[in-house]
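Engineer: Next up, model-v5.cif (mmCIF, C-alpha atoms and all ligand atoms).
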```cif
data_my_file
#
loop_
_atom_site.label_atom_id
_atom_site.label_comp_id
_atom_site.auth_asym_id
_atom_site.auth_seq_id
_atom_site.Cartn_x
_atom_site.Cartn_y
_atom_site.Cartn_z
CA MET C 1 0.00 0.00 0.00
CA GLY C 2 1.38 3.43 -0.91
CA GLY C 3 2.53 5.10 2.30
CA THR C 4 1.83 1.98 4.28
CA PRO C 5 4.75 -0.26 3.35
CA SER C 6 4.78 -2.47 6.41
CA LEU C 7 1.15 -3.49 6.21
CA PRO C 8 0.52 -6.88 4.63
CA GLN C 9 -0.98 -6.58 1.18
CA VAL C 10 -3.64 -9.20 1.57
CA PRO C 11 -6.86 -9.08 -0.38
CA LEU C 12 -9.66 -10.05 2.00
CA THR C 13 -12.89 -10.97 0.33
CA THR C 14 -16.28 -9.89 1.65
CA ASP C 15 -16.95 -13.39 2.89
CA ARG C 16 -14.34 -12.77 5.65
CA VAL C 17 -16.34 -11.47 8.59
CA VAL C 18 -14.43 -9.34 11.07
CA LEU C 19 -15.62 -8.02 14.42
CA VAL C 20 -13.76 -5.12 16.04
CA THR C 21 -14.82 -3.89 19.47
CA GLY C 22 -14.35 -0.14 19.90
CA GLY C 23 -14.02 0.31 16.13
CA ASN C 24 -15.33 3.88 16.17
CA THR C 25 -12.12 5.62 17.20
CA GLY C 26 -8.37 5.32 17.80
CA ILE C 27 -6.62 2.02 17.10
CA GLY C 28 -9.94 0.23 16.51
CA TYR C 29 -11.01 2.80 13.92
CA GLU C 30 -7.81 2.50 11.87
CA THR C 31 -7.84 -1.28 12.13
CA SER C 32 -11.47 -1.52 11.02
CA LYS C 33 -10.91 0.90 8.14
CA TRP C 34 -7.79 -0.82 6.77
CA ILE C 35 -9.23 -4.32 7.06
CA ALA C 36 -12.43 -3.11 5.36
CA MET C 37 -10.31 -1.45 2.65
CA MET C 38 -8.65 -4.83 2.06
CA GLY C 39 -12.16 -6.00 1.17
CA ALA C 40 -13.54 -7.70 4.28
CA ARG C 41 -16.91 -7.21 5.91
CA VAL C 42 -16.32 -5.43 9.22
CA ILE C 43 -18.68 -5.06 12.14
CA ILE C 44 -17.76 -2.35 14.58
CA ALA C 45 -19.15 -3.07 18.03
CA CYS C 46 -19.51 0.23 19.87
CA ARG C 47 -21.54 2.01 22.52
CA SER C 48 -22.75 5.00 20.55
CA GLU C 49 -24.63 4.58 17.28
CA GLU C 50 -24.02 8.21 16.42
CA ARG C 51 -20.24 7.98 16.93
CA ALA C 52 -20.17 4.71 14.99
CA LYS C 53 -22.16 6.12 12.06
CA ASN C 54 -19.87 9.17 11.91
CA ALA C 55 -16.87 6.83 11.94
CA ILE C 56 -18.29 4.73 9.10
CA GLU C 57 -18.86 7.86 6.98
CA LYS C 58 -15.30 9.02 7.70
CA MET C 59 -13.92 5.60 6.73
CA GLN C 60 -15.77 5.77 3.41
CA LYS C 61 -14.40 9.25 2.71
CA GLU C 62 -10.85 8.18 3.53
CA PHE C 63 -11.28 5.04 1.40
CA GLU C 64 -12.23 7.21 -1.57
CA GLU C 65 -9.16 9.39 -0.95
CA GLU C 66 -6.90 6.30 -0.86
CA LYS C 67 -8.48 5.02 -4.09
CA ALA C 68 -7.92 8.40 -5.75
CA LYS C 69 -4.26 8.26 -4.66
CA GLY C 70 -3.97 4.81 -6.22
CA THR C 71 -2.98 3.16 -2.94
CA ALA C 72 -1.97 -0.42 -3.59
CA GLY C 73 -3.60 -3.35 -1.85
CA ILE C 74 -7.04 -1.87 -1.33
CA CYS C 75 -10.20 -3.28 -2.86
CA SER C 76 -11.97 -1.78 -5.84
CA LYS C 77 -15.53 -1.80 -4.56
CA GLU C 78 -17.69 1.32 -4.39
CA ARG C 79 -18.55 1.19 -0.71
CA LEU C 80 -16.78 -0.29 2.26
CA ASP C 81 -18.73 -3.04 3.98
CA VAL C 82 -18.76 -1.72 7.56
CA GLU C 83 -21.71 -2.07 9.91
CA PHE C 84 -22.42 -0.91 13.44
CA MET C 85 -23.78 -3.19 16.17
CA ALA C 86 -24.43 -1.88 19.68
CA LEU C 87 -22.18 -3.14 22.46
CA ASP C 88 -21.46 -1.74 25.91
CA LEU C 89 -18.91 -3.95 27.62
CA ALA C 90 -19.73 -2.33 30.97
CA SER C 91 -23.08 -4.16 30.84
CA LEU C 92 -23.17 -7.96 30.57
CA ASN C 93 -26.79 -7.67 29.43
CA SER C 94 -25.60 -5.51 26.56
CA VAL C 95 -22.96 -8.14 25.69
CA GLU C 96 -25.73 -10.80 25.68
CA ASN C 97 -27.93 -8.63 23.45
CA PHE C 98 -25.02 -8.01 21.12
CA ILE C 99 -24.37 -11.75 20.81
CA GLU C 100 -28.04 -12.40 19.99
CA THR C 101 -28.05 -9.65 17.34
CA PHE C 102 -24.79 -10.89 15.87
CA LYS C 103 -26.05 -14.48 15.67
CA SER C 104 -29.31 -13.36 14.05
CA LYS C 105 -27.41 -11.61 11.25
CA GLU C 106 -24.17 -13.52 10.73
CA THR C 107 -23.35 -17.18 10.25
CA LYS C 108 -19.55 -16.83 10.14
CA LEU C 109 -16.87 -15.02 12.12
CA HIS C 110 -13.24 -15.13 11.00
CA LEU C 111 -11.54 -12.40 13.01
CA LEU C 112 -12.51 -11.26 16.49
CA LEU C 113 -10.46 -8.25 17.56
CA CYS C 114 -10.99 -7.40 21.23
CA ASN C 115 -9.78 -3.82 21.17
CA ALA C 116 -12.20 -1.67 23.19
CA GLY C 117 -10.74 -0.50 26.43
CA ILE C 118 -10.41 2.13 29.10
CA ALA C 119 -7.24 3.05 30.96
CA MET C 120 -6.48 4.16 34.50
CA HIS C 121 -10.13 4.79 35.21
CA PRO C 122 -11.08 5.98 38.72
CA LEU C 123 -12.59 3.32 40.98
CA GLU C 124 -16.09 2.58 39.71
CA TYR C 125 -18.33 -0.47 39.61
CA THR C 126 -20.47 -1.57 36.68
CA GLU C 127 -24.16 -2.44 36.93
CA ASP C 128 -22.95 -6.06 37.24
CA GLY C 129 -20.87 -5.20 40.32
CA PHE C 130 -17.40 -5.54 38.79
CA GLU C 131 -14.57 -3.01 38.81
CA ILE C 132 -15.06 -1.17 35.53
CA MET C 133 -11.64 -1.79 33.88
CA PHE C 134 -11.83 -5.48 34.85
CA GLN C 135 -15.19 -5.75 33.08
CA VAL C 136 -14.72 -3.52 30.02
CA ASN C 137 -11.18 -4.63 29.17
CA TYR C 138 -11.40 -8.25 30.25
CA LEU C 139 -14.59 -9.88 31.52
CA GLY C 140 -16.99 -8.45 28.91
CA HIS C 141 -14.63 -9.62 26.18
CA PHE C 142 -14.32 -13.01 27.92
CA LEU C 143 -18.09 -13.47 27.61
CA LEU C 144 -18.07 -12.28 24.00
CA VAL C 145 -15.25 -14.66 23.03
CA THR C 146 -16.77 -17.63 24.83
CA LYS C 147 -20.18 -17.19 23.22
CA LEU C 148 -18.86 -16.44 19.72
CA LEU C 149 -16.31 -19.25 19.66
CA PRO C 150 -18.75 -21.89 18.36
CA ILE C 151 -19.38 -19.71 15.28
CA MET C 152 -15.65 -19.21 14.74
CA LEU C 153 -15.02 -22.94 15.10
CA ASP C 154 -17.51 -23.42 12.29
CA SER C 155 -16.11 -20.70 10.01
CA GLY C 156 -13.36 -22.56 8.17
CA GLU C 157 -9.61 -22.18 8.27
CA ASP C 158 -7.47 -19.40 9.71
CA CYS C 159 -9.81 -17.82 12.23
CA ARG C 160 -8.08 -15.52 14.68
CA ILE C 161 -8.80 -13.83 17.97
CA VAL C 162 -6.54 -10.92 18.87
CA LEU C 163 -6.67 -9.41 22.35
CA VAL C 164 -5.44 -5.83 22.56
CA SER C 165 -3.46 -5.78 25.77
CA SER C 166 -0.85 -3.24 26.88
CA GLU C 167 2.69 -3.06 28.21
CA ALA C 168 0.97 -1.70 31.32
CA TYR C 169 0.47 -5.37 32.22
CA LEU C 170 4.02 -5.17 33.59
CA THR C 171 2.68 -3.03 36.47
CA SER C 172 0.17 -5.70 37.50
CA SER C 173 -0.13 -7.85 40.58
CA PHE C 174 -2.04 -11.12 40.73
CA ASP C 175 -4.37 -11.63 43.65
CA LEU C 176 -7.86 -12.70 42.68
CA GLU C 177 -9.20 -11.95 46.15
CA LYS C 178 -8.39 -8.32 45.45
CA ALA C 179 -9.37 -8.39 41.77
CA GLN C 180 -12.35 -6.08 42.28
CA GLY C 181 -10.45 -3.48 44.28
CA LYS C 182 -13.01 -3.66 47.10
CA HIS C 183 -10.31 -3.09 49.74
CA HIS C 184 -9.52 0.30 48.18
CA THR C 185 -11.15 3.67 48.61
CA LYS C 186 -11.62 6.01 45.64
CA GLU C 187 -8.67 7.98 46.98
CA ASN C 188 -6.11 5.17 47.27
CA PHE C 189 -7.25 3.04 44.30
CA LYS C 190 -4.18 2.10 42.21
CA ARG C 191 -5.50 3.06 38.80
CA LEU C 192 -2.41 2.10 36.78
CA GLN C 193 -2.02 -1.24 38.55
CA TYR C 194 -5.67 -2.18 38.03
CA TYR C 195 -5.44 -1.18 34.37
CA GLY C 196 -2.32 -3.37 34.20
CA ASN C 197 -4.18 -6.22 35.91
CA SER C 198 -6.95 -6.15 33.30
CA LYS C 199 -4.31 -6.27 30.55
CA LEU C 200 -2.46 -9.13 32.30
CA TYR C 201 -5.72 -11.07 32.45
CA GLN C 202 -6.12 -10.72 28.68
CA ILE C 203 -2.68 -12.28 28.09
CA MET C 204 -3.46 -15.06 30.56
CA GLN C 205 -6.80 -15.65 28.82
CA MET C 206 -4.90 -16.08 25.56
CA TYR C 207 -2.88 -18.97 27.02
CA CYS C 208 -5.99 -20.58 28.53
CA LEU C 209 -7.86 -20.37 25.24
CA ASN C 210 -4.99 -21.73 23.16
CA ARG C 211 -4.62 -24.74 25.46
CA ARG C 212 -8.22 -25.57 24.67
CA LEU C 213 -8.18 -24.56 20.99
CA GLN C 214 -4.88 -26.04 19.88
CA LYS C 215 -6.43 -28.70 17.64
CA THR C 216 -8.85 -26.23 16.05
CA ASN C 217 -8.96 -23.60 13.30
CA VAL C 218 -8.96 -20.74 15.84
CA THR C 219 -5.76 -19.11 17.13
CA VAL C 220 -5.45 -16.54 19.89
CA ASN C 221 -2.75 -13.87 20.18
CA SER C 222 -2.29 -10.59 22.03
CA ILE C 223 -0.67 -7.27 21.26
CA HIS C 224 0.72 -4.08 22.73
CA PRO C 225 0.26 -1.28 20.18
CA GLY C 226 2.92 1.09 21.56
CA ILE C 227 2.13 4.49 23.06
CA VAL C 228 -0.52 5.83 20.73
CA ASP C 229 -2.03 9.28 20.53
CA THR C 230 -5.73 8.40 20.78
CA GLU C 231 -8.64 9.28 23.04
CA ILE C 232 -7.43 6.72 25.60
CA ASN C 233 -6.53 9.49 28.06
CA ARG C 234 -10.22 10.42 28.48
CA SER C 235 -10.51 8.37 31.65
CA PHE C 236 -7.32 9.75 33.22
CA SER C 237 -7.41 13.37 32.09
CA ASP C 238 -7.51 14.34 35.79
CA LEU C 239 -4.11 12.71 36.38
CA GLY C 240 -1.71 15.59 35.68
CA MET C 241 1.40 13.40 35.80
CA TRP C 242 0.12 11.12 33.04
CA LYS C 243 -1.04 14.05 30.95
CA VAL C 244 2.50 15.41 31.13
CA PHE C 245 3.93 11.94 30.31
CA PHE C 246 1.80 11.75 27.14
CA GLN C 247 2.65 15.34 26.17
CA ILE C 248 6.39 14.77 26.61
CA SER C 249 6.21 11.44 24.74
CA LYS C 250 4.50 13.27 21.91
CA LEU C 251 7.02 16.11 21.90
CA ILE C 252 10.00 13.74 21.71
CA GLY C 253 8.34 11.66 19.03
CA LYS C 254 7.68 8.60 21.21
CA THR C 255 3.95 8.43 20.50
CA LYS C 256 2.48 6.93 17.38
CA ASN C 257 -0.52 8.17 15.47
CA PRO C 258 -3.53 5.81 15.50
CA PHE C 259 -2.65 4.32 12.12
CA GLU C 260 0.91 3.47 13.24
CA GLY C 261 -0.57 2.11 16.46
CA ALA C 262 -3.01 -0.05 14.53
CA LYS C 263 -0.32 -1.76 12.43
CA THR C 264 0.59 -4.32 15.10
CA LEU C 265 -3.07 -5.30 15.43
CA ILE C 266 -3.66 -5.43 11.67
CA ASN C 267 -0.59 -7.60 11.21
CA ALA C 268 -1.57 -10.02 13.95
CA ALA C 269 -5.05 -10.17 12.44
CA VAL C 270 -4.39 -10.63 8.73
CA ASN C 271 -0.72 -11.27 7.97
CA PRO C 272 -0.59 -14.70 6.30
CA ASP C 273 2.83 -15.29 7.91
CA PHE C 274 1.08 -15.52 11.29
CA LYS C 275 -1.60 -17.95 10.15
CA ASP C 276 -0.73 -20.70 12.62
CA THR C 277 0.85 -18.54 15.31
CA ARG C 278 -0.53 -18.98 18.82
CA ASP C 279 0.35 -17.53 22.20
CA ALA C 280 2.27 -14.62 20.70
CA TYR C 281 2.48 -11.30 22.47
CA TYR C 282 3.29 -8.79 19.73
CA SER C 283 4.79 -5.58 20.98
CA ASP C 284 5.31 -2.93 18.33
CA MET C 285 5.13 -5.51 15.52
CA ARG C 286 7.63 -7.90 17.12
CA ILE C 287 6.85 -11.08 19.03
CA GLN C 288 8.09 -10.79 22.62
CA GLN C 289 7.93 -13.27 25.44
CA ALA C 290 5.34 -12.31 28.04
CA ASN C 291 6.71 -12.19 31.58
CA SER C 292 6.77 -15.16 33.94
CA LEU C 293 3.65 -13.99 35.81
CA ALA C 294 1.61 -13.92 32.59
CA ARG C 295 2.99 -17.36 31.66
CA ASN C 296 2.21 -18.96 35.02
CA GLN C 297 -0.18 -21.78 34.08
CA GLU C 298 -1.53 -22.32 37.58
CA LYS C 299 -2.46 -18.66 37.89
CA GLN C 300 -3.90 -18.62 34.36
CA GLU C 301 -6.21 -21.51 35.21
CA ALA C 302 -7.20 -19.90 38.54
CA LEU C 303 -8.18 -16.79 36.57
CA TRP C 304 -10.12 -18.92 34.07
CA LYS C 305 -12.12 -20.47 36.89
CA TYR C 306 -12.64 -17.11 38.59
CA SER C 307 -13.92 -15.63 35.29
CA LEU C 308 -16.36 -18.50 34.75
CA ASP C 309 -17.65 -17.96 38.31
CA CYS C 310 -18.13 -14.23 37.59
CA LEU C 311 -20.14 -15.15 34.49
CA GLN C 312 -22.28 -17.89 36.08
CA LYS C 313 -25.48 -16.04 35.22
CA TYR C 314 -24.51 -15.77 31.56
CA LEU C 315 -22.69 -19.00 30.72
CA LYS C 316 -24.57 -22.28 30.78
CA PRO C 317 -22.65 -25.54 31.43
CA GLU C 318 -23.09 -26.39 27.73
CA ASP C 319 -21.40 -23.10 26.68
CA ILE C 320 -18.37 -24.05 28.78
CA ASP C 321 -18.44 -27.71 27.68
CA LYS C 322 -18.21 -26.57 24.05
CA ILE C 323 -14.75 -25.20 24.86
CA GLU C 324 -13.56 -27.62 27.53
CA LYS C 325 -14.35 -30.71 25.46
CA LEU C 326 -12.72 -29.66 22.19
N1 LIG I 401 -3.35 4.43 23.18
C1 LIG I 401 -2.36 3.78 23.78
O1 LIG I 401 -1.26 4.33 24.02
C2 LIG I 401 -2.52 2.34 24.16
C3 LIG I 401 -1.42 1.65 24.69
C4 LIG I 401 -1.56 0.32 25.04
C5 LIG I 401 -2.77 -0.32 24.86
N2 LIG I 401 -3.84 0.38 24.36
C6 LIG I 401 -5.11 -0.35 24.22
O2 LIG I 401 -5.60 -0.17 22.91
C7 LIG I 401 -7.03 -0.33 22.91
C8 LIG I 401 -7.66 0.77 22.09
O3 LIG I 401 -7.40 2.00 22.74
P1 LIG I 401 -7.24 3.40 22.00
O4 LIG I 401 -5.90 3.91 22.36
O5 LIG I 401 -7.64 3.29 20.58
O6 LIG I 401 -8.28 4.25 22.86
P2 LIG I 401 -9.61 5.07 22.46
O7 LIG I 401 -9.29 5.98 21.33
O8 LIG I 401 -10.09 5.67 23.74
O9 LIG I 401 -10.61 3.94 21.97
C9 LIG I 401 -11.18 3.05 22.89
C10 LIG I 401 -12.38 2.39 22.28
O10 LIG I 401 -12.97 1.56 23.29
C11 LIG I 401 -14.36 1.85 23.35
N3 LIG I 401 -14.96 1.60 24.66
C12 LIG I 401 -14.66 2.18 25.84
N4 LIG I 401 -15.50 1.73 26.79
C13 LIG I 401 -16.35 0.86 26.19
C14 LIG I 401 -17.44 0.09 26.63
N5 LIG I 401 -17.89 0.15 27.88
N6 LIG I 401 -18.07 -0.71 25.75
C15 LIG I 401 -17.67 -0.76 24.45
N7 LIG I 401 -16.66 -0.02 23.97
C16 LIG I 401 -16.01 0.77 24.83
C17 LIG I 401 -14.44 3.33 23.02
O11 LIG I 401 -15.77 3.67 22.65
P3 LIG I 401 -16.36 5.15 22.91
O12 LIG I 401 -15.85 5.99 21.80
O13 LIG I 401 -17.82 4.96 22.93
O14 LIG I 401 -15.83 5.59 24.25
C18 LIG I 401 -13.46 3.38 21.86
O15 LIG I 401 -14.08 2.93 20.69
C19 LIG I 401 -7.45 -0.34 24.39
O16 LIG I 401 -7.74 -1.67 24.77
C20 LIG I 401 -6.22 0.17 25.11
O17 LIG I 401 -6.12 -0.34 26.42
C21 LIG I 401 -3.74 1.69 24.01
#
```
Please express what this file holds, its structure, as structure tokens.

Structural biologist:
Amino acid sequence: MGGTPSLPQVPLTTDRVVLVTGGNTGIGYETSKWIAMMGARVIIACRSEERAKNAIEKMQKEFEEEKAKGTAGICSKERLDVEFMALDLASLNSVENFIETFKSKETKLHLLLCNAGIAMHPLEYTEDGFEIMFQVNYLGHFLLVTKLLPIMLDSGEDCRIVLVSSEAYLTSSFDLEKAQGKHHTKENFKRLQYYGNSKLYQIMQMYCLNRRLQKTNVTVNSIHPGIVDTEINRSFSDLGMWKVFFQISKLIGKTKNPFEGAKTLINAAVNPDFKDTRDAYYSDMRIQQANSLARNQEKQEALWKYSLDCLQKYLKPEDIDKIEKL
């Protein structure tokens, strides 16, 4: 692609169905747009219909600009195939409704990109009673993945799940008894550590899923996109120190724009070289080994069990059996 040399030039036909959570802005927006421009059908799962519709219009406009520039590797169709479906990960009922809507409209799912997220949010609990970063970044996606897996297993070869984690996982601690931050007050809540925890859980979930999916057509990988200049700082705009950190990073050229930030995700999602890759943690386009905490199998399985317990109301024994008995 002109101006995008390190993106794989892979034509994706419209029969490839791609789901991107948080596809209306930032890394998710760029990922959705470029994968749609490669020709795939993309569903952006977002909270706000208005923001999603505006994003879809913007994608179409930018697609036409790329076509006019003669950018290589993009499809020749008139309109991008991008659709909005409502999803609020802070509500497990909304996740359930999303799954029902998705199943009523789609019979295949080839790429599931769990990208939506919030960072360093103040202590807050969702309507389901979970710490909000735990639910939005991790548990809501856990439910989505578990319920959509049967469709992916039935969607033919090279189906991929990519979990958008963060290097912030290195700040995490693992203590499931404290996973909901209930022992903290709003004042002493460790916002970075709990963000890191949610991102650690995603990497651990990747290992748990791959153990169960290793004989199947579905692979699971995770990424860190780098420090990217997006709207991610919305939930920590009150934290002066982090505002300064982002501003300095930007000034010294350490932040990426959303397109550069999206490249690691796009590569993990569509690069044919990674077709059979599992358990990779891609940081800035390169595969790195996750730390020993993330790789601790006993802790991974404890988290798996804890997550299933959290989702008791939403996952029937047969939903779990479908994965455990593969
Ligand atoms: N930017 C970075 O430097 C950086 C670094 C490491 C990792 N990441 C990770 O990259 C991912 C994308 O972040 P970004 O930088 O692109 O941030 P962003 O611009 O703030 O985008 C986040 C996306 O998540 C969506 N979202 C937030 N809460 C949601 C909810 N309850 N239900 C459904 N969707 C929700 C947002 O939707 P709304 O527009 O409706 O809020 C938005 O579409 C996140 O998982 C983040 O942790 C980012």

Engineer: My list of candidates is C:Pro258, C:Pro317, C:Gly181, C:Gly253. Which is closest to Asp229 (chain C) when distances are computed with all atoms listed in the file?

Structural biologist: C:Pro258

Engineer: Within 8 Å of ligand LIG 401 (chain I), counting only C-alpha atoms and all ligand atoms: which residues, as a PyMOL selection string?

Structural biologist: chain C and resi 21-29+45-48+51+87-91+114-119+136-137+164-168+199+224-234+255+258+261

Engineer: Would you please work out which residue, of C:Val244, C:Leu213, C:Leu109, C:Leu163, is nearest to Asp276 (chain C) when using all atoms listed in the file?

Structural biologist: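 For Asp276 (chain C), the nearest of the given residues is C:Leu213.
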
Engineer: Could you give me, as a tab-separated table, a per-residue list for region 78-113 of chain C showing, wherever an atom lies at most 10 Å from an atom of region 139-157 of chain C, the closest pair of atoms and their distance in Å to one decimal, using all atoms listed in the file and sorting by chain then residue number from low to high?

Structural biologist:
```
residue	atom	partner	partner_atom	distance
C:Leu87	CA	C:Gly140	CA	9.8
C:Asp88	CA	C:Gly140	CA	8.6
C:Leu89	CA	C:Gly140	CA	5.1
C:Ala90	CA	C:Gly140	CA	7.0
C:Ser91	CA	C:Gly140	CA	7.7
C:Leu92	CA	C:Gly140	CA	6.4
C:Asn93	CA	C:Gly140	CA	9.8
C:Ser94	CA	C:Gly140	CA	9.4
C:Val95	CA	C:Leu144	CA	6.6
C:Glu96	CA	C:Leu144	CA	8.0
C:Phe98	CA	C:Leu144	CA	8.7
C:Ile99	CA	C:Leu144	CA	7.1
C:Glu100	CA	C:Lys147	CA	9.8
C:Phe102	CA	C:Leu148	CA	9.0
C:Lys103	CA	C:Leu148	CA	8.5
C:Glu106	CA	C:Ile151	CA	9.1
C:Thr107	CA	C:Ile151	CA	6.9
C:Lys108	CA	C:Ser155	CA	5.2
C:Leu109	CA	C:Met152	CA	5.1
C:His110	CA	C:Met152	CA	6.0
C:Leu111	CA	C:Met152	CA	8.1
C:Leu112	CA	C:Val145	CA	7.9
C:Leu113	CA	C:His141	CA	9.7
```

Engineer: Mind giving me the straight-line distance from CA of Thr14 (chain C) to CA of Glu260 (chain C) in Å, one decimal?

Structural biologist: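 Result for CA of Thr14 (chain C) versus CA of Glu260 (chain C): 24.7 Å, one decimal.
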
Engineer: Find the residue from C:Gly129, C:Arg191, C:His184, C:Asp309 that sits nearest to Trp242 (chain C); use only C-alpha atoms when measuring.

Structural biologist: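 Counting only C-alpha atoms, the residue closest to Trp242 (chain C) is C:Arg191.
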
Engineer: Tell me, in Å to one decimal, how far CA of Gln300 (chain C) is from CA of Gln312 (chain C).

Structural biologist: 18.5 Å

Engineer: Could you check the closest approach to Gly73 (chain C) for each of C:Ser104, C:Gln288, C:Gln9, C:Asn54 and tell me which residue wins, using only C-alpha atoms?

Structural biologist: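 The closest residue to Gly73 (chain C) is C:Gln9.
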
Engineer: Have a look at CA of Val20 (chain C) and CA of Asn267 (chain C) and let me know their distance in Å, one decimal.

Structural biologist: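 One can read the CA of Val20 (chain C) to CA of Asn267 (chain C) distance as 14.2 Å.
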
Engineer: Counting only C-alpha atoms, which residue out of C:Leu239, C:Met37, C:Cys310, C:Ile266 sits closest to Asp128 (chain C)?

Structural biologist: C:Cys310

Engineer: Leaving out Gln180 (chain C) and any residue of its chain fewer than 2 positions from it, which residues lie within 9 Å of it when counting all atoms listed in the file, given as a count of residues only?

Structural biologist: 12

Engineer: Measuring between all atoms listed in the file, which one of C:Gln60, C:Thr13, C:Thr216, C:Asn291 shows the shortest distance to Ile203 (chain C)?

Structural biologist: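 Smallest distance to Ile203 (chain C) is found for C:Asn291.
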
Engineer: Please return, as a PyMOL selection string, all polymer residues that have at least one atom within 10 Å of the point (1.6, -15.4, 30.8); use only C-alpha atoms and the file's own coordinate frame.

Structural biologist: chain C and resi 200-208+279+281+289-297+299-300

Engineer: Could you list as a VMD selection string every residue that has an atom within 7 Å of (-9.4, -13.0, 10.1), using the file's coordinates and counting all atoms listed in the file?

Structural biologist: chain C and resid 16 18 110 to 111 158 to 160 269 to 270

Engineer: So that I can see what lies close to Phe84 (chain C), please list as a list of chain:residue names the residues with an atom at most 7 Å from it, counting only C-alpha atoms and leaving out residues fewer than 2 positions away in the same chain.

Structural biologist: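 Listed by chain and then number, they are C:Ile43, C:Ile44, C:Ala45, C:Ala52, C:Val82, C:Ala86.
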
Engineer: With a distance cut-off of 7 Å and only C-alpha atoms, select the neighbouring residues of Tyr282 (chain C), excluding the residue or stretch itself and same-chain residues fewer than 4 positions from it, and output the selection as a list in words.

Structural biologist: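 Final neighbour list, sorted by chain and number: Ser222, Ile223, His224, Thr264, Arg286, Ile287 and Gln288 of chain C.
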
Engineer: Hey, could you patch up region 28-43 of chain C with N, CA and C atoms and hand it over as a compact mmCIF listing (two decimals), in the coordinates of the input?

Structural biologist:
```
# COMPACT_ATOMS: atom_id res chain seq x y z
N GLY C 28 -8.85 1.04 17.06
CA GLY C 28 -9.94 0.23 16.51
C GLY C 28 -10.47 0.81 15.20
N TYR C 29 -10.53 2.13 15.14
CA TYR C 29 -11.01 2.80 13.92
C TYR C 29 -10.07 2.48 12.75
N GLU C 30 -8.77 2.71 12.96
CA GLU C 30 -7.81 2.50 11.87
C GLU C 30 -7.78 1.03 11.45
N THR C 31 -7.85 0.16 12.43
CA THR C 31 -7.84 -1.28 12.13
C THR C 31 -9.06 -1.66 11.30
N SER C 32 -10.22 -1.19 11.74
CA SER C 32 -11.47 -1.52 11.02
C SER C 32 -11.41 -0.98 9.59
N LYS C 33 -10.94 0.26 9.47
CA LYS C 33 -10.91 0.90 8.14
C LYS C 33 -9.97 0.14 7.20
N TRP C 34 -8.74 -0.17 7.68
CA TRP C 34 -7.79 -0.82 6.77
C TRP C 34 -8.22 -2.24 6.42
N ILE C 35 -8.79 -2.94 7.37
CA ILE C 35 -9.23 -4.32 7.06
C ILE C 35 -10.44 -4.26 6.12
N ALA C 36 -11.30 -3.27 6.30
CA ALA C 36 -12.43 -3.11 5.36
C ALA C 36 -11.90 -2.72 3.99
N MET C 37 -10.86 -1.86 3.95
CA MET C 37 -10.31 -1.45 2.65
C MET C 37 -9.64 -2.62 1.93
N MET C 38 -9.21 -3.62 2.70
CA MET C 38 -8.65 -4.83 2.06
C MET C 38 -9.79 -5.68 1.47
N GLY C 39 -11.02 -5.33 1.81
CA GLY C 39 -12.16 -6.00 1.17
C GLY C 39 -13.07 -6.77 2.10
N ALA C 40 -12.73 -6.86 3.38
CA ALA C 40 -13.54 -7.70 4.28
C ALA C 40 -14.81 -6.98 4.74
N ARG C 41 -15.72 -7.78 5.27
CA ARG C 41 -16.91 -7.21 5.91
C ARG C 41 -16.57 -6.99 7.38
N VAL C 42 -16.75 -5.76 7.86
CA VAL C 42 -16.32 -5.43 9.22
C VAL C 42 -17.50 -4.95 10.05
N ILE C 43 -17.65 -5.53 11.21
CA ILE C 43 -18.68 -5.06 12.14
C ILE C 43 -17.98 -4.31 13.26
```
